[in-house]
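Shown below: final-v8.pdb, with PDB, C-alpha atoms.
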ATOM      1  CA  MET A1067    -102.286 218.948-213.024
ATOM      2  CA  MET A1068    -103.917 221.573-215.263
ATOM      3  CA  VAL A1069    -100.992 221.735-217.721
ATOM      4  CA  PRO A1070    -100.807 217.949-218.382
ATOM      5  CA  ALA A1071    -104.577 217.918-218.907
ATOM      6  CA  ALA A1072    -104.367 220.898-221.264
ATOM      7  CA  LEU A1073    -101.635 219.175-223.266
ATOM      8  CA  LEU A1074    -103.707 216.000-223.535
ATOM      9  CA  LEU A1075    -106.694 218.011-224.727
ATOM     10  CA  LEU A1076    -104.558 219.916-227.230
ATOM     11  CA  GLY A1077    -103.096 216.676-228.594
ATOM     12  CA  ALA A1078    -106.547 215.076-228.916
ATOM     13  CA  LEU A1079    -108.013 218.104-230.695
ATOM     14  CA  THR A1080    -105.072 218.256-233.099
ATOM     15  CA  ALA A1081    -105.347 214.521-233.821
ATOM     16  CA  VAL A1082    -109.031 214.870-234.692
ATOM     17  CA  LEU A1083    -109.242 218.262-236.400
ATOM     18  CA  ALA A1084    -105.975 218.448-238.370
ATOM     19  CA  PRO A1085    -106.776 215.559-240.777
ATOM     20  CA  ARG A1086    -110.180 217.096-241.527
ATOM     21  CA  LEU A1087    -108.715 220.518-242.246
ATOM     22  CA  LEU A1088    -105.993 219.100-244.490
ATOM     23  CA  ALA A1089    -108.510 216.900-246.334
ATOM     24  CA  ARG A1090    -110.501 220.026-247.284
ATOM     25  CA  ALA A1091    -107.461 221.909-248.579
ATOM     26  CA  ASP A1092    -106.854 221.922-252.330
ATOM     27  CA  TRP A1093    -103.178 222.894-252.278
ATOM     28  CA  PRO A1094    -101.448 219.648-251.082
ATOM     29  CA  GLU A1095    -101.785 218.083-254.527
ATOM     30  CA  ARG A1096    -100.116 221.126-256.074
ATOM     31  CA  GLU A1097     -97.351 221.289-253.445
ATOM     32  CA  PRO A1098     -96.713 217.750-252.168
ATOM     33  CA  VAL A1099     -93.348 218.616-250.604
ATOM     34  CA  VAL A1100     -94.927 221.366-248.513
ATOM     35  CA  ALA A1101     -97.788 219.006-247.629
ATOM     36  CA  LEU A1102     -95.304 216.379-246.465
ATOM     37  CA  TRP A1103     -93.711 218.932-244.162
ATOM     38  CA  VAL A1104     -97.106 220.042-242.822
ATOM     39  CA  TRP A1105     -98.096 216.461-242.011
ATOM     40  CA  GLN A1106     -94.799 215.816-240.248
ATOM     41  CA  CYS A1107     -95.258 218.960-238.149
ATOM     42  CA  VAL A1108     -98.839 218.018-237.236
ATOM     43  CA  VAL A1109     -97.916 214.491-236.201
ATOM     44  CA  GLY A1110     -94.852 215.784-234.350
ATOM     45  CA  SER A1111     -97.070 218.242-232.488
ATOM     46  CA  VAL A1112     -99.437 215.460-231.386
ATOM     47  CA  LEU A1113     -96.555 213.290-230.203
ATOM     48  CA  LEU A1114     -94.970 216.261-228.430
ATOM     49  CA  CYS A1115     -98.240 217.012-226.609
ATOM     50  CA  PHE A1116     -98.391 213.473-225.269
ATOM     51  CA  ALA A1117     -94.691 213.367-224.394
ATOM     52  CA  LEU A1118     -94.828 216.638-222.435
ATOM     53  CA  SER A1119     -98.018 215.563-220.697
ATOM     54  CA  MET A1120     -96.295 212.316-219.704
ATOM     55  CA  LEU A1121     -93.299 214.184-218.263
ATOM     56  CA  LEU A1122     -95.391 216.599-216.223
ATOM     57  CA  SER A1123     -97.732 213.834-215.045
ATOM     58  CA  ALA A1124     -94.728 211.798-213.936
ATOM     59  CA  ALA A1125     -93.355 214.865-212.135
ATOM     60  CA  ALA A1126     -96.681 215.236-210.318
ATOM     61  CA  ALA A1127     -96.823 211.543-209.414
ATOM     62  CA  TRP A1128     -93.245 210.930-208.258
ATOM     63  CA  LEU A1129     -91.012 213.347-206.364
ATOM     64  CA  ALA A1130     -87.873 211.732-207.783
ATOM     65  CA  VAL A1131     -88.963 212.600-211.337
ATOM     66  CA  ARG A1132     -89.952 216.098-210.235
ATOM     67  CA  GLY A1133     -86.556 216.682-208.686
ATOM     68  CA  ARG A1134     -84.759 215.737-211.882
ATOM     69  CA  LEU A1135     -87.124 217.595-214.212
ATOM     70  CA  PHE A1136     -87.010 220.848-212.202
ATOM     71  CA  ALA A1137     -83.489 220.456-210.828
ATOM     72  CA  ALA A1138     -82.265 223.797-212.176
ATOM     73  CA  ALA A1139     -85.546 225.685-211.760
ATOM     74  CA  PRO A1140     -86.309 228.109-208.894
ATOM     75  CA  HIS A1141     -88.944 227.075-206.360
ATOM     76  CA  GLY A1142     -91.393 229.567-207.780
ATOM     77  CA  VAL A1143     -91.363 227.743-211.113
ATOM     78  CA  VAL A1144     -92.234 224.420-209.486
ATOM     79  CA  ASP A1145     -95.044 226.046-207.518
ATOM     80  CA  ALA A1146     -96.449 227.622-210.709
ATOM     81  CA  TYR A1147     -97.276 224.189-212.084
ATOM     82  CA  ALA A1148     -99.398 223.365-208.977
ATOM     83  CA  LEU A1149     -98.231 219.778-208.977
ATOM     84  CA  GLY A1150     -98.983 219.319-205.273
ATOM     85  CA  PRO A1151     -97.187 217.000-202.840
ATOM     86  CA  THR A1152     -98.466 213.953-204.747
ATOM     87  CA  GLY A1153    -100.337 213.952-208.012
ATOM     88  CA  GLY A1154    -102.741 211.216-207.000
ATOM     89  CA  PRO A1155    -103.907 208.236-209.043
ATOM     90  CA  TRP A1156    -104.766 210.348-212.080
ATOM     91  CA  ALA A1157    -101.169 211.512-212.449
ATOM     92  CA  VAL A1158     -99.798 207.993-212.004
ATOM     93  CA  GLY A1159    -102.290 206.505-214.450
ATOM     94  CA  THR A1160    -101.724 209.188-217.070
ATOM     95  CA  ALA A1161     -97.942 208.902-216.847
ATOM     96  CA  LEU A1162     -98.013 205.109-217.087
ATOM     97  CA  VAL A1163    -100.468 205.021-219.995
ATOM     98  CA  LEU A1164     -98.520 207.617-221.988
ATOM     99  CA  ALA A1165     -95.197 205.942-221.218
ATOM    100  CA  GLY A1166     -96.658 202.645-222.399
ATOM    101  CA  GLY A1167     -97.805 204.352-225.593
ATOM    102  CA  GLY A1168     -94.313 205.710-226.155
ATOM    103  CA  LEU A1169     -92.733 202.298-225.662
ATOM    104  CA  TRP A1170     -95.300 200.714-227.969
ATOM    105  CA  THR A1171     -94.547 203.322-230.646
ATOM    106  CA  GLY A1172     -90.827 202.656-230.366
ATOM    107  CA  ALA A1173     -91.403 198.904-230.589
ATOM    108  CA  ARG A1174     -93.610 199.264-233.672
ATOM    109  CA  LEU A1175     -91.079 201.523-235.403
ATOM    110  CA  THR A1176     -88.206 199.159-234.576
ATOM    111  CA  GLY A1177     -90.183 196.211-235.920
ATOM    112  CA  GLU A1178     -91.080 198.107-239.087
ATOM    113  CA  VAL A1179     -87.437 199.025-239.755
ATOM    114  CA  LEU A1180     -86.241 195.472-239.088
ATOM    115  CA  ARG A1181     -88.890 194.004-241.407
ATOM    116  CA  ALA A1182     -87.955 196.497-244.127
ATOM    117  CA  ARG A1183     -84.279 195.576-243.828
ATOM    118  CA  ALA A1184     -85.142 191.885-243.981
ATOM    119  CA  ARG A1185     -87.196 192.489-247.137
ATOM    120  CA  ARG A1186     -84.335 194.433-248.719
ATOM    121  CA  ARG A1187     -81.851 191.666-247.904
ATOM    122  CA  ALA A1188     -84.177 189.039-249.387
ATOM    123  CA  GLN A1189     -84.759 191.124-252.515
ATOM    124  CA  GLY A1190     -81.027 191.783-252.841
ATOM    125  CA  ALA A1191     -80.255 188.075-252.554
ATOM    126  CA  GLU A1192     -82.901 187.279-255.168
ATOM    127  CA  LEU A1193     -81.441 189.899-257.505
ATOM    128  CA  LEU A1194     -77.967 188.398-257.191
ATOM    129  CA  VAL A1195     -79.411 185.029-258.219
ATOM    130  CA  ARG A1196     -81.462 186.382-261.126
ATOM    131  CA  ALA A1197     -78.939 189.029-262.224
ATOM    132  CA  PRO A1198     -75.431 188.112-260.967
ATOM    133  CA  LEU A1199     -72.627 190.644-261.025
ATOM    134  CA  LEU A1200     -70.546 190.782-264.171
ATOM    135  CA  PRO A1201     -66.781 190.152-263.968
ATOM    136  CA  GLY A1202     -65.106 193.291-262.648
ATOM    137  CA  GLU A1203     -68.377 194.958-261.650
ATOM    138  CA  ASP A1204     -68.271 196.838-258.337
ATOM    139  CA  PRO A1205     -70.896 195.339-255.981
ATOM    140  CA  ALA A1206     -71.047 198.605-253.989
ATOM    141  CA  GLY A1207     -71.765 200.816-256.994
ATOM    142  CA  ALA A1208     -75.233 201.950-257.998
ATOM    143  CA  ARG A1209     -76.447 200.054-261.035
ATOM    144  CA  LEU A1210     -79.425 199.440-263.260
ATOM    145  CA  VAL A1211     -80.603 195.840-263.051
ATOM    146  CA  VAL A1212     -82.632 194.361-265.909
ATOM    147  CA  LEU A1213     -84.685 191.271-265.115
ATOM    148  CA  GLU A1214     -86.500 188.954-267.494
ATOM    149  CA  GLY A1215     -90.213 189.453-266.954
ATOM    150  CA  GLU A1216     -93.449 189.549-268.907
ATOM    151  CA  ARG A1217     -94.963 192.200-266.633
ATOM    152  CA  PRO A1218     -93.748 195.777-267.078
ATOM    153  CA  ASP A1219     -92.400 196.951-263.758
ATOM    154  CA  ALA A1220     -89.720 199.158-262.258
ATOM    155  CA  TRP A1221     -88.804 199.757-258.642
ATOM    156  CA  TRP A1222     -86.034 201.207-256.539
ATOM    157  CA  LEU A1223     -84.249 198.912-254.112
ATOM    158  CA  PRO A1224     -82.786 201.164-251.363
ATOM    159  CA  GLY A1225     -79.767 200.293-249.275
ATOM    160  CA  ALA A1226     -76.018 200.894-249.113
ATOM    161  CA  ALA A1227     -75.843 200.224-252.869
ATOM    162  CA  PRO A1228     -79.232 201.397-254.225
ATOM    163  CA  GLN A1229     -80.399 199.823-257.454
ATOM    164  CA  LEU A1230     -83.099 200.498-260.012
ATOM    165  CA  VAL A1231     -84.695 197.248-261.111
ATOM    166  CA  VAL A1232     -86.471 197.172-264.474
ATOM    167  CA  THR A1233     -88.084 194.232-266.239
ATOM    168  CA  THR A1234     -87.547 193.508-269.925
ATOM    169  CA  ALA A1235     -91.255 194.092-270.521
ATOM    170  CA  ALA A1236     -90.866 197.591-269.071
ATOM    171  CA  LEU A1237     -87.927 198.294-271.387
ATOM    172  CA  GLY A1238     -90.169 197.345-274.301
ATOM    173  CA  ARG A1239     -92.871 199.732-273.131
ATOM    174  CA  LEU A1240     -90.783 202.750-272.107
ATOM    175  CA  LYS A1241     -89.811 204.867-275.104
ATOM    176  CA  GLY A1242     -87.269 207.638-275.466
ATOM    177  CA  SER A1243     -86.518 209.367-272.175
ATOM    178  CA  GLN A1244     -89.321 207.611-270.278
ATOM    179  CA  LEU A1245     -86.857 205.197-268.652
ATOM    180  CA  ASP A1246     -84.730 208.160-267.550
ATOM    181  CA  ALA A1247     -87.874 209.761-266.084
ATOM    182  CA  VAL A1248     -88.648 206.588-264.127
ATOM    183  CA  LEU A1249     -85.058 206.561-262.864
ATOM    184  CA  ALA A1250     -85.378 210.214-261.794
ATOM    185  CA  HIS A1251     -88.657 209.412-260.036
ATOM    186  CA  GLU A1252     -87.092 206.601-258.025
ATOM    187  CA  GLN A1253     -83.998 208.664-257.271
ATOM    188  CA  GLY A1254     -86.323 211.352-255.916
ATOM    189  CA  HIS A1255     -87.624 208.807-253.414
ATOM    190  CA  ALA A1256     -84.110 207.828-252.391
ATOM    191  CA  GLN A1257     -82.727 211.358-252.033
ATOM    192  CA  ALA A1258     -85.665 212.526-249.903
ATOM    193  CA  ARG A1259     -85.533 209.357-247.765
ATOM    194  CA  HIS A1260     -89.212 208.692-248.325
ATOM    195  CA  ASP A1261     -88.733 205.165-246.998
ATOM    196  CA  TRP A1262     -88.306 206.574-243.475
ATOM    197  CA  LEU A1263     -91.517 208.561-243.758
ATOM    198  CA  LEU A1264     -93.337 205.402-244.790
ATOM    199  CA  HIS A1265     -91.783 203.433-241.927
ATOM    200  CA  CYS A1266     -92.880 206.009-239.346
ATOM    201  CA  SER A1267     -96.388 206.366-240.764
ATOM    202  CA  ARG A1268     -96.917 202.589-240.865
ATOM    203  CA  ALA A1269     -95.618 202.185-237.320
ATOM    204  CA  LEU A1270     -97.948 204.868-235.921
ATOM    205  CA  ALA A1271    -100.988 203.743-237.899
ATOM    206  CA  GLY A1272    -100.389 200.091-237.035
ATOM    207  CA  GLY A1273     -99.800 200.819-233.369
ATOM    208  CA  PHE A1274    -102.753 203.196-232.947
ATOM    209  CA  PRO A1275    -105.275 202.428-235.709
ATOM    210  CA  GLN A1276    -108.089 204.291-233.945
ATOM    211  CA  VAL A1277    -106.242 207.643-233.877
ATOM    212  CA  PRO A1278    -107.477 209.629-236.919
ATOM    213  CA  VAL A1279    -104.313 211.637-237.469
ATOM    214  CA  PHE A1280    -102.099 208.534-237.621
ATOM    215  CA  ALA A1281    -104.383 206.674-240.055
ATOM    216  CA  ALA A1282    -104.595 209.747-242.298
ATOM    217  CA  PHE A1283    -100.826 210.264-241.972
ATOM    218  CA  GLU A1284    -100.130 206.811-243.381
ATOM    219  CA  ALA A1285    -102.595 207.207-246.266
ATOM    220  CA  GLU A1286    -101.306 210.638-247.199
ATOM    221  CA  MET A1287     -97.644 209.624-247.000
ATOM    222  CA  HIS A1288     -98.164 206.904-249.616
ATOM    223  CA  ARG A1289     -99.880 209.401-251.915
ATOM    224  CA  LEU A1290     -97.730 212.472-251.343
ATOM    225  CA  VAL A1291     -94.332 210.778-251.679
ATOM    226  CA  GLU A1292     -95.366 209.568-255.132
ATOM    227  CA  LEU A1293     -96.555 213.042-256.134
ATOM    228  CA  ALA A1294     -93.309 214.566-254.867
ATOM    229  CA  ALA A1295     -91.216 212.045-256.814
ATOM    230  CA  ASP A1296     -93.344 212.678-259.925
ATOM    231  CA  ASP A1297     -92.519 216.380-259.618
ATOM    232  CA  VAL A1298     -88.800 215.608-259.380
ATOM    233  CA  ALA A1299     -88.967 213.622-262.617
ATOM    234  CA  SER A1300     -91.262 216.084-264.404
ATOM    235  CA  ARG A1301     -88.926 219.012-263.704
ATOM    236  CA  ARG A1302     -86.167 217.185-265.574
ATOM    237  CA  PHE A1303     -88.069 215.398-268.330
ATOM    238  CA  GLY A1304     -91.485 217.014-268.513
ATOM    239  CA  ARG A1305     -94.912 216.094-267.211
ATOM    240  CA  LEU A1306     -95.958 214.289-270.388
ATOM    241  CA  THR A1307     -92.920 212.007-270.319
ATOM    242  CA  ILE A1308     -93.470 210.759-266.765
ATOM    243  CA  ALA A1309     -97.237 210.484-267.393
ATOM    244  CA  LEU A1310     -96.652 208.286-270.437
ATOM    245  CA  ALA A1311     -94.172 206.200-268.441
ATOM    246  CA  LEU A1312     -96.800 205.639-265.735
ATOM    247  CA  VAL A1313     -99.347 204.606-268.351
ATOM    248  CA  GLY A1314     -96.879 202.239-269.987
ATOM    249  CA  LEU A1315     -96.022 200.542-266.697
ATOM    250  CA  ASN A1316     -99.603 200.227-265.456
ATOM    251  CA  GLU A1317    -101.967 199.975-268.414
ATOM    252  CA  ASP A1318    -102.245 196.163-268.091
ATOM    253  CA  ARG A1319    -103.160 196.315-264.396
ATOM    254  CA  GLY A1320    -106.647 197.735-264.777
ATOM    255  CA  VAL A1321    -105.870 200.963-262.952
ATOM    256  CA  PHE A1322    -107.387 203.147-265.690
ATOM    257  CA  GLY A1323    -110.673 201.263-266.062
ATOM    258  CA  PRO A1324    -114.092 202.003-264.536
ATOM    259  CA  CYS A1325    -113.773 199.299-261.870
ATOM    260  CA  PRO A1326    -112.126 199.960-258.478
ATOM    261  CA  SER A1327    -108.390 199.462-258.622
ATOM    262  CA  PRO A1328    -105.959 198.292-255.930
ATOM    263  CA  GLN A1329    -103.748 201.217-257.052
ATOM    264  CA  PRO A1330    -106.146 204.161-257.408
ATOM    265  CA  HIS A1331    -103.362 206.715-256.991
ATOM    266  CA  VAL A1332    -101.834 205.849-260.373
ATOM    267  CA  SER A1333    -104.709 207.226-262.436
ATOM    268  CA  GLU A1334    -104.888 210.286-260.152
ATOM    269  CA  ARG A1335    -101.176 210.894-260.661
ATOM    270  CA  VAL A1336    -101.539 210.710-264.451
ATOM    271  CA  ARG A1337    -104.491 213.130-264.432
ATOM    272  CA  ARG A1338    -102.531 215.500-262.193
ATOM    273  CA  LEU A1339     -99.509 215.445-264.486
ATOM    274  CA  LEU A1340    -101.575 216.052-267.599
ATOM    275  CA  SER A1341    -103.688 218.812-266.060
ATOM    276  CA  ALA A1342    -100.510 220.723-265.123
ATOM    277  CA  ALA A1343    -102.106 222.786-262.336
ATOM    278  CA  PRO A1344     -99.928 225.817-261.496
ATOM    279  CA  ARG A1345     -97.811 225.755-258.364
ATOM    280  CA  LEU A1346     -98.464 228.038-255.445
ATOM    281  CA  SER A1347     -96.543 231.283-255.359
ATOM    282  CA  ALA A1348     -93.211 231.270-253.543
ATOM    283  CA  GLY A1349     -94.630 233.570-250.882
ATOM    284  CA  ARG A1350     -97.555 231.272-250.133
ATOM    285  CA  ARG A1351     -95.263 228.236-250.000
ATOM    286  CA  LEU A1352     -93.060 230.086-247.532
ATOM    287  CA  ARG A1353     -96.044 231.095-245.377
ATOM    288  CA  LEU A1354     -97.400 227.542-245.282
ATOM    289  CA  THR A1355     -93.989 226.156-244.370
ATOM    290  CA  ALA A1356     -93.473 228.723-241.626
ATOM    291  CA  LEU A1357     -96.976 228.187-240.232
ATOM    292  CA  ALA A1358     -96.461 224.427-240.159
ATOM    293  CA  THR A1359     -93.116 224.871-238.390
ATOM    294  CA  LEU A1360     -94.885 226.826-235.652
ATOM    295  CA  VAL A1361     -97.407 224.035-234.970
ATOM    296  CA  PRO A1362     -95.030 221.952-232.778
ATOM    297  CA  ALA A1363     -94.178 225.127-230.878
ATOM    298  CA  VAL A1364     -97.732 225.386-229.514
ATOM    299  CA  PRO A1365     -97.396 222.478-227.025
ATOM    300  CA  LEU A1366     -94.003 223.842-225.982
ATOM    301  CA  VAL A1367     -95.572 227.219-225.209
ATOM    302  CA  VAL A1368     -98.395 225.554-223.254
ATOM    303  CA  ALA A1369     -95.909 223.485-221.244
ATOM    304  CA  LEU A1370     -93.518 226.363-220.522
ATOM    305  CA  MET A1371     -96.054 229.121-219.936
ATOM    306  CA  PRO A1372     -96.492 228.624-216.145
ATOM    307  CA  GLY A1373     -92.742 228.576-215.583
ATOM    308  CA  LEU A1374     -92.130 231.598-217.781
ATOM    309  CA  SER A1375     -94.933 233.482-216.039
ATOM    310  CA  ALA A1376     -93.391 232.693-212.648
ATOM    311  CA  LEU A1377     -89.980 233.931-213.770
ATOM    312  CA  ALA A1378     -91.522 237.117-215.143
TER     313      ALA A1378
END

Have the structure of the file written as structure tokens, please.
Amino acid sequence: MMVPAALLLLGALTAVLAPRLLARADWPEREPVVALWVWQCVVGSVLLCFALSMLLSAAAAWLAVRGRLFAAAPHGVVDAYALGPTGGPWAVGTALVLAGGGLWTGARLTGEVLRARARRRAQGAELLVRAPLLPGEDPAGARLVVLEGERPDAWWLPGAAPQLVVTTAALGRLKGSQLDAVLAHEQGHAQARHDWLLHCSRALAGGFPQVPVFAAFEAEMHRLVELAADDVASRRFGRLTIALALVGLNEDRGVFGPCPSPQPHVSERVRRLLSAAPRLSAGRRLRLTALATLVPAVPLVVALMPGLSALA
């Protein structure tokens, strides 16, 4: 039972320490795509620790599970894990609690995806009422939808036929290539499938609100996906263009004033675009990406080490 306990400890330490280390780093704002990958690897490592601990705890608690898990392994490998004839109540309790957590995570993610699809269907139905298809227009083709509205706004409606929705007030505010920059920003979200990252982060944070890494994961996903999409647009149309588009869409919402705003990331995004901080070097980006990729390998090494030592 030492390996399941070690995996639990490793997962707990990663869940507590990783958000603090990433919060102190100054590079995620300069490289949001790399930061997104690092966060995914950290969260994947935590989940992998718990999943492997559940499997080994179940193998210690029930002989039937042990037989299936180690079916192709020599007897020496099974003995190296010191599972014993029966794992006792600790093994049963650990396996059941972790299995329940896995089922709860799956249920939360399923519910999040279903709610998102229901919202998209409702928004799509509302769009068809407010902006019906023109004669001969292909309903499956991507299109720009213009809605009457006094509030400047623009958003991407994902789905089988993704659409960019823009209000008439936004068209009056966005000058020159600013509308194209907004379109590129929203297309950046769609191409990178940022909606799935948001679904997963909301499901984990909602299911386990007391786990620091999941709460930080959700907060950072909302911030980093916007920074990454800003970079996509700025590479095509320039930082100033997308910054001015953000100001035009949000200046009436009080996000640039001295009072707290419900959308504090907007002013931070504009300051970031205008400051034009240099990117990290290609070598450092590669090292960070490679290091993050190795993080989920740590629980695998911990779980496989006794068996590999026995075979050696």

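Near stretch 1295-1308 of chain A, within a cut-off of 9 Å and counting only C-alpha atoms, sit the residues Pro1098, Gly1242, Ser1243, Gln1244, Leu1245, Asp1246, Ala1247, Val1248, Leu1249, Ala1250, His1251, Glu1252, Gln1253, Gly1254, His1255, Ala1258, Leu1290, Val1291, Leu1312, Val1313, Arg1335, Val1336, Leu1339, Leu1340 and Ala1342 of chain A, with same-chain residues fewer than 4 positions away left out.
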
With all atoms listed in the file as the counted atoms, please give the residues lying no more than 6 Å from A:Asp1219, apart from itself and same-chain residues fewer than 6 positions off, as a ChimeraX atom specification. /A:1232-1233,1236,1315

Selected residues written out with C-alpha atoms, as a PDB file, in the frame of the given file:
ATOM      1  CA  VAL A1232     -86.471 197.172-264.474  1.00  0.00           C
ATOM      2  CA  THR A1233     -88.084 194.232-266.239  1.00  0.00           C
ATOM      3  CA  ALA A1236     -90.866 197.591-269.071  1.00  0.00           C
ATOM      4  CA  LEU A1315     -96.022 200.542-266.697  1.00  0.00           C
TER       5      LEU A1315
END

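Here atom CA of A:Ala1173 and atom CA of A:Leu1083 stand 27.0 Å from one another.
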
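For the file at hand, the PyMOL selection byres ((chain A and resi 1072) around 12) resolves to Met1067, Met1068, Val1069, Pro1070, Ala1071, Leu1073, Leu1074, Leu1075, Leu1076, Gly1077, Ala1078, Leu1079, Cys1115, Phe1116, Leu1118, Ser1119, Met1120, Leu1122, Ser1123, Val1364, Pro1365, Leu1366, Val1367, Val1368, Ala1369 and Met1371 of chain A.
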
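You can rank A:Val1108, A:Ala1235, A:Val1361, A:Val1100 by their closest distance to A:Asp1318 using only C-alpha atoms, and at the top of that list sits A:Ala1235.
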